[in-house]
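Chemist: I have a structure here, written as structure tokens, and I will follow up with some questions on it.
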Amino acid sequence: MKTMTNTPAQKDAERRPDPGTLLSVRDLTIEAGSKELSVRLVDHFSLDMAPGDRVALVGESGSGKSVTARAIMRLDPDFRLSGTVDFEGQDLLKLNEKQMVAVRGHKIGMVFQDPMGALNPLMTIGEQVMEPLRISGVSRAESERRAKSVLEELGVANAESRMKAYPHEFSGGMRQRVVLAMALISDPSLIIADEPTTALDVRVQEQVLTLMDKVSKERGLAVLLITHDLGTVAGFTDRVAVMYSGRKVDEASVDALFSNPAHPYTQGLLQAVPRIDQTVPRLLTIPGAPPHPLNRPTGCAFSPRCPFAFDLCLVESPELRPSPEGGVVACHLYGASGKDEGS
Amino acid sequence: MAATLPVFVPERRSWRRTVSGLPGMQLIVPTVVVLLLVLAIVGPLIAPDALVYRSDILSALAPPSSTHWLGTDEQGRDVFWRIIAGAQSSLLSAVAIVTGFSFVGVLVATLATLGGKWADEVLMRVVDAALAFPPIIFALGVAAALGPSLNSAIIAMILTGWPVTARVLRGVMKETMSQPFVENARVLGVSRTRLMLRHVLPNSLDVLVVKWAGDVGNTILILGGLSFVGVGAQPPSAEWGAMVTSAKGVIATAWWAAFTPGIAIAITATAFGLLGDILQVRFNPALRKR
């Protein structure tokens, strides 16, 4: 696959992020596969986060949201990454593996979906929570003290004795608290949470989210929440970025996005959420499925499923433009040449 | 569905796990293993040399009696005392061999898992090549190079035993690598080496413990085979496998000469096999509590 050059977005890359920015992802492009058969999983993805910001990255399975999060942490050495990921003034994509190990867990924490499997069955809870501190040379006594305090902060009762327990003695919600404690113990400034509540039942989901909300507010922690659950988004974040087929297609504040979604895909997603106060003959869906990354349509990737698609959409992929709601949107309906009928 | 029916999931366990889980086994098995090891150390010291080594053709193939508790072999040597004296060369060499090649196998598997695609590919091709050597033939070659002795049999068996362990362990380690907790440790900034030593290796070793214990029994038998073709323990030294193989020709007339050292091998192999299972349960906190 031949890559295009000199898009307006690339000129964007030369701009330095302003100093108040914690994380600034610019034109992150992720490719997998061999040089001959390259799959572009994520295409010129950009996102800014200020300290304490809470941003959700939503999209269907395969939209590239998890891959993006993992690329920020540089977890998949086989993928080819381009663009820049500025974090606290450092381009993470330029660091070597050794420098990256110092960033992972210490400056950026990450929480995964499956709390049942996320803990080493042969190590005690305490050992695992302390591990990030122990590897950076903090003394055992000090690590124990901090592990105890972070577990208590996360609502683990009898933290001191529970630290001697093994993971199988903990419930799913408790394990997720432990995983969170592991991510928080080194006092990172950003947490990437990749579907942290998907594997939990609804009541425990609620508890964990409330806890994350409380902890991130108290610590001034920035959270990048990867999810496909719009309910989680509404309750937890300030800003939402919507991904579709490897691109960011919509970004707005939570209020704007839920009350007045700009992109037709976002509109479709919101309509597809069943509401308890409405009776519908059948659940609304977006017809069709996202395209395979090897077989994206020309023009806008969403055009085959879009009820508003017109001739331009089939030819030209839309750039991100300011949306009427104050965010950005990649849709020809909001372009100079398009008619505004999206909202 | 109107009513929910209780679901019974039949518990499936291996017979070894069942046996090792019997009350008392936690005590009996380690005791037997310790006794065997003690025997292996002191056996040659307490066995009277005259009964172990000196041929007495006149009393050859005598059935068990009060003078010869387990009878005599075709050379007229006392089978009971030969078993006691042979514990050392059989058991200690088997333990040494299995420990030796397990160590090499784990090392190779660790390097293959840690070293990335190329190291993995190269090491696994080396394993393929090493697997192609039949142990007996290879041992004959080593014996030709180093002279026939128990030591050359031990070296030969270490050199031919490690590839299987390496292959098995590499598979288990790759699987462990893909466990979520390994990824989780990675995002916490755990370096590759530490990841391997603290997370991947401990969670892969339960397989090794079982394999190690099972291999001890096997190895005693193969050592016997090597002695039989003249590569392993040299006559007149006592060695269980060699005793079985040399007496199997007379099994129809003097069953004790082959059968009793066979029983010794069987007891040892079973004890070590069960020990493997007990250790596996011991190492796994989730199994331990049940």
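Residues in the structure tokens are named by chain (A, B, ... in the order shown) and by number from 1 within that chain; ligands are numbered from 1 in the order shown.
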If we count only C-alpha atoms, what is near B:Val122 at a cut-off of 12 Å, once residues fewer than 4 positions away on the same chain are taken out, given as a CSV table (one decimal) with N, CA and C atoms, in the first residue's frame?
Modeler:
chain,number,residue,atom,x,y,z
B,108,VAL,N,17.5,-23.2,27.6
B,108,VAL,CA,17.3,-23.0,26.2
B,108,VAL,C,15.9,-22.4,25.9
B,109,ALA,N,14.9,-22.9,26.6
B,109,ALA,CA,13.5,-22.4,26.5
B,109,ALA,C,13.4,-20.9,26.9
B,111,LEU,N,15.9,-18.7,26.8
B,111,LEU,CA,16.5,-17.9,25.8
B,111,LEU,C,15.6,-17.7,24.6
B,112,ALA,N,15.0,-18.9,24.2
B,112,ALA,CA,14.1,-18.8,23.0
B,112,ALA,C,12.9,-17.9,23.2
B,113,THR,N,12.4,-17.9,24.4
B,113,THR,CA,11.2,-17.0,24.7
B,113,THR,C,11.7,-15.6,24.8
B,115,GLY,N,14.6,-14.2,23.7
B,115,GLY,CA,15.5,-13.6,22.7
B,115,GLY,C,14.8,-13.1,21.4
B,116,GLY,N,13.5,-13.2,21.3
B,116,GLY,CA,12.9,-12.7,20.1
B,116,GLY,C,12.9,-13.7,19.0
B,117,LYS,N,12.3,-13.3,17.9
B,117,LYS,CA,12.0,-14.2,16.8
B,117,LYS,C,13.2,-15.0,16.3
B,118,TRP,N,14.4,-14.3,16.1
B,118,TRP,CA,15.5,-15.0,15.5
B,118,TRP,C,16.1,-16.1,16.5
B,126,VAL,N,18.0,-26.0,16.4
B,126,VAL,CA,19.0,-26.8,17.1
B,126,VAL,C,18.3,-27.9,17.9
B,127,VAL,N,17.2,-27.6,18.5
B,127,VAL,CA,16.4,-28.6,19.2
B,127,VAL,C,16.0,-29.7,18.2
B,128,ASP,N,15.5,-29.3,17.1
B,128,ASP,CA,15.2,-30.3,16.0
B,128,ASP,C,16.3,-31.3,15.7
B,129,ALA,N,17.5,-30.6,15.5
B,129,ALA,CA,18.7,-31.4,15.2
B,129,ALA,C,19.0,-32.4,16.3
Chemist: Env of B:Ala40: 8 Å cut, atoms = only C-alpha atoms, seq-sep filter 3 positions within chain, self excluded. Answer as a PyMOL selection string.
Modeler: chain B and resi 36-37+43-44+84-89+91-92
Chemist: I need the residues from that last selection saved to file as a short mmCIF file (atom, residue, chain, number, x, y, z; two decimals), in the first residue's frame (with N, CA and C atoms), if you can.
Modeler:
data_model
loop_
_atom_site.label_atom_id
_atom_site.label_comp_id
_atom_site.auth_asym_id
_atom_site.auth_seq_id
_atom_site.Cartn_x
_atom_site.Cartn_y
_atom_site.Cartn_z
N LEU B 36 14.68 -43.35 49.79
CA LEU B 36 15.38 -43.81 48.59
C LEU B 36 16.69 -43.03 48.42
N LEU B 37 16.61 -41.72 48.65
CA LEU B 37 17.81 -40.90 48.48
C LEU B 37 18.86 -41.25 49.53
N GLY B 43 23.83 -46.76 50.60
CA GLY B 43 23.71 -48.14 50.12
C GLY B 43 25.04 -48.84 49.89
N PRO B 44 25.92 -48.28 49.07
CA PRO B 44 27.19 -48.97 48.77
C PRO B 44 28.05 -49.13 50.01
N ILE B 84 20.47 -52.87 47.07
CA ILE B 84 20.89 -51.83 48.01
C ILE B 84 22.11 -51.09 47.47
N ALA B 85 23.08 -51.86 47.01
CA ALA B 85 24.32 -51.23 46.53
C ALA B 85 24.07 -50.45 45.23
N GLY B 86 23.12 -50.95 44.42
CA GLY B 86 22.87 -50.33 43.11
C GLY B 86 22.05 -49.05 43.19
N ALA B 87 21.45 -48.79 44.37
CA ALA B 87 20.62 -47.60 44.49
C ALA B 87 21.39 -46.36 44.07
N GLN B 88 22.67 -46.37 44.44
CA GLN B 88 23.44 -45.16 44.14
C GLN B 88 23.59 -44.91 42.65
N SER B 89 24.13 -45.93 41.94
CA SER B 89 24.37 -45.66 40.53
C SER B 89 23.06 -45.49 39.77
N LEU B 91 19.82 -44.45 41.08
CA LEU B 91 18.99 -43.33 41.49
C LEU B 91 19.73 -42.01 41.36
N LEU B 92 20.93 -41.96 41.92
CA LEU B 92 21.65 -40.69 41.88
C LEU B 92 21.98 -40.30 40.45
#
Chemist: Write out as a PyMOL selection string which residues come within 7 Å of A:Val55 when counting only C-alpha atoms, dropping same-chain ones fewer than 3 positions away.
Modeler: chain A and resi 223-225+237-240
Chemist: Could you save those same residues with N, CA and C atoms as a compact mmCIF listing (two decimals), in the first residue's frame?
Modeler:
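Printed below is part16.txt as written:
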# COMPACT_ATOMS: atom_id res chain seq x y z
N VAL A 223 -7.13 10.74 32.67
CA VAL A 223 -7.56 9.38 32.35
C VAL A 223 -7.96 9.31 30.88
N LEU A 224 -7.37 8.36 30.17
CA LEU A 224 -7.81 8.08 28.81
C LEU A 224 -8.57 6.76 28.89
N LEU A 225 -9.87 6.84 28.68
CA LEU A 225 -10.73 5.68 28.86
C LEU A 225 -11.09 5.11 27.49
N THR A 237 -16.42 10.87 31.78
CA THR A 237 -15.41 11.70 31.09
C THR A 237 -15.91 13.11 30.78
N ASP A 238 -14.96 13.95 30.39
CA ASP A 238 -15.29 15.32 30.00
C ASP A 238 -15.41 15.44 28.48
N ARG A 239 -14.63 14.63 27.78
CA ARG A 239 -14.50 14.80 26.35
C ARG A 239 -14.49 13.42 25.70
N VAL A 240 -15.01 13.36 24.49
CA VAL A 240 -15.10 12.07 23.80
C VAL A 240 -14.48 12.19 22.42
Chemist: Mind giving me the straight-line distance from atom CA of B:Gln179 to atom CA of A:Phe79 in Å, one decimal?
Modeler: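 Taking atom CA of B:Gln179 and atom CA of A:Phe79, their separation equals 20.0 Å.
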Chemist: For a quick check of understanding, using only C-alpha atoms, which of A:Leu57, A:Ile185, A:Ala32, A:Leu22 has the smallest distance to chain B?
Modeler: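 Result for the nearest residue to chain B: A:Ile185.
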Chemist: In Å, how far is it from atom CA of A:Tyr334 to atom CA of A:Pro318?
Modeler: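 One can read the atom CA of A:Tyr334 to atom CA of A:Pro318 distance as 9.5 Å.
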Chemist: Which polymer residues have any atom within 9 Å of an atom of A:Ala199, counting only C-alpha atoms, with same-chain residues fewer than 2 positions away left out, as a PyMOL selection string?
Modeler: chain A and resi 113-116+172+195-197+201+205
Chemist: Write out the residues from the selection above, keeping C-alpha atoms, as a PDB file, in the first residue's frame.
Modeler:
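This went into again_32.pdb:
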ATOM      1  CA  GLN A 113     -10.088  -5.345  30.681  1.00  0.00           C
ATOM      2  CA  ASP A 114      -9.730  -8.679  32.391  1.00  0.00           C
ATOM      3  CA  PRO A 115      -9.089  -8.376  36.138  1.00  0.00           C
ATOM      4  CA  MET A 116      -9.326 -12.139  36.567  1.00  0.00           C
ATOM      5  CA  GLY A 172     -13.470  -9.692  40.294  1.00  0.00           C
ATOM      6  CA  GLU A 195     -12.248  -1.207  28.827  1.00  0.00           C
ATOM      7  CA  PRO A 196     -11.636  -1.474  32.565  1.00  0.00           C
ATOM      8  CA  THR A 197     -15.170  -2.452  33.449  1.00  0.00           C
ATOM      9  CA  ASP A 201     -20.957  -7.206  36.287  1.00  0.00           C
ATOM     10  CA  GLN A 205     -18.760  -1.733  37.175  1.00  0.00           C
TER      11      GLN A 205
END
Chemist: Which neighbours of stretch 63-74 of chain B fall inside 9 Å, counting only C-alpha atoms, when residues of the same chain fewer than 6 positions from it are skipped, and could you give them as a CSV table (one decimal) with N, CA and C atoms, in the first residue's frame?
Modeler:
chain,number,residue,atom,x,y,z
B,55,SER,N,31.4,-63.6,42.5
B,55,SER,CA,30.6,-64.6,41.9
B,55,SER,C,30.7,-65.9,42.7
B,57,ILE,N,29.3,-69.3,41.6
B,57,ILE,CA,28.5,-70.1,40.6
B,57,ILE,C,27.7,-71.2,41.2
B,80,PHE,N,19.3,-59.0,46.9
B,80,PHE,CA,18.9,-58.0,47.8
B,80,PHE,C,20.0,-56.9,48.0
B,81,TRP,N,21.2,-57.4,48.3
B,81,TRP,CA,22.3,-56.5,48.6
B,81,TRP,C,22.8,-55.8,47.3
B,243,MET,N,20.7,-54.9,36.2
B,243,MET,CA,20.3,-56.1,36.8
B,243,MET,C,19.1,-56.7,36.1
B,246,SER,N,20.2,-57.9,32.5
B,246,SER,CA,21.0,-59.1,32.4
B,246,SER,C,20.3,-60.3,32.9
B,247,ALA,N,19.3,-60.1,33.7
B,247,ALA,CA,18.6,-61.3,34.3
B,247,ALA,C,17.3,-61.7,33.5
B,250,VAL,N,16.7,-65.2,32.1
B,250,VAL,CA,16.4,-66.4,33.0
B,250,VAL,C,15.1,-66.1,33.7
B,254,ALA,N,14.2,-68.1,37.0
B,254,ALA,CA,14.6,-67.4,38.2
B,254,ALA,C,14.0,-66.0,38.1
B,255,TRP,N,12.7,-65.9,38.4
B,255,TRP,CA,12.0,-64.6,38.2
B,255,TRP,C,12.5,-63.5,39.1
B,256,TRP,N,13.0,-63.9,40.3
B,256,TRP,CA,13.4,-62.9,41.3
B,256,TRP,C,14.6,-62.1,40.8
B,257,ALA,N,15.5,-62.6,40.0
B,257,ALA,CA,16.7,-61.9,39.7
B,257,ALA,C,16.3,-60.6,38.8
B,258,ALA,N,15.3,-60.7,38.0
B,258,ALA,CA,14.9,-59.6,37.1
B,258,ALA,C,13.8,-58.8,37.8
B,260,THR,N,12.8,-58.4,41.1
B,260,THR,CA,13.0,-57.6,42.3
B,260,THR,C,13.6,-56.2,42.0
Chemist: Please determine the contact residues of chain B with respect to chain A at a cut-off of 6 Å, counting only C-alpha atoms, and supply them as a PyMOL selection string.
Modeler: chain B and resi 180-181+184+187-189
Chemist: Neighbouring residues of stretch 264-275 of chain A were defined as those with any atom within 8 Å, considering only C-alpha atoms; residues of the same chain fewer than 5 positions away were excluded. Please report them as a CSV table (one decimal) with N, CA and C atoms, in the first residue's frame.
Modeler:
chain,number,residue,atom,x,y,z
A,230,LEU,N,-21.2,3.5,26.0
A,230,LEU,CA,-21.4,4.9,26.0
A,230,LEU,C,-21.9,5.3,27.4
A,242,VAL,N,-14.4,9.9,18.9
A,242,VAL,CA,-15.0,8.7,18.3
A,242,VAL,C,-14.1,8.3,17.2
A,250,ASP,N,-14.8,12.1,15.1
A,250,ASP,CA,-15.6,13.1,15.8
A,250,ASP,C,-14.9,13.3,17.2
A,257,LEU,N,-21.6,16.2,22.7
A,257,LEU,CA,-21.7,14.9,21.9
A,257,LEU,C,-23.0,14.2,22.1
A,258,PHE,N,-23.4,14.2,23.4
A,258,PHE,CA,-24.7,13.5,23.7
A,258,PHE,C,-25.9,14.2,23.3
A,283,LEU,N,-34.8,-2.6,18.3
A,283,LEU,CA,-33.6,-1.8,18.6
A,283,LEU,C,-33.0,-1.3,17.3
A,284,LEU,N,-32.6,0.0,17.4
A,284,LEU,CA,-32.0,0.6,16.3
A,284,LEU,C,-30.5,0.2,16.1
A,285,THR,N,-30.1,0.0,14.9
A,285,THR,CA,-28.7,-0.4,14.7
A,285,THR,C,-28.2,0.5,13.5
A,286,ILE,N,-26.9,0.5,13.4
A,286,ILE,CA,-26.4,1.1,12.1
A,286,ILE,C,-26.2,-0.1,11.1
A,302,PHE,N,-17.0,5.6,6.2
A,302,PHE,CA,-18.3,5.4,6.7
A,302,PHE,C,-19.4,5.5,5.7
A,306,CYS,N,-23.7,5.3,5.7
A,306,CYS,CA,-24.1,6.6,6.1
A,306,CYS,C,-25.4,7.0,5.4
A,307,PRO,N,-26.5,7.3,6.2
A,307,PRO,CA,-27.7,7.7,5.5
A,307,PRO,C,-27.6,9.0,4.8
A,308,PHE,N,-26.6,9.9,5.1
A,308,PHE,CA,-26.5,11.2,4.5
A,308,PHE,C,-25.5,11.2,3.4
A,342,GLY,N,-26.7,17.8,8.9
A,342,GLY,CA,-26.3,16.7,9.8
A,342,GLY,C,-27.0,16.7,11.1
Chemist: For the atom pair atom CA of B:Leu150 and atom CA of B:Ala242, what is the interatomic distance in Å to one decimal place?
Modeler: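 Atom-to-atom, atom CA of B:Leu150 and atom CA of B:Ala242 are spaced 11.2 Å apart.
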Chemist: Which residue is closest to B:Phe103? Choose from B:Leu205, B:Ile83, B:Leu22, B:Ile137 and count only C-alpha atoms.
Modeler: B:Leu205
Chemist: List the neighbours of A:Gly335 out to 9 Å using only C-alpha atoms; skip same-chain residues closer than 5 positions along the sequence, and give me the result as a ChimeraX atom specification.
Modeler: /A:318-319,321,330,340
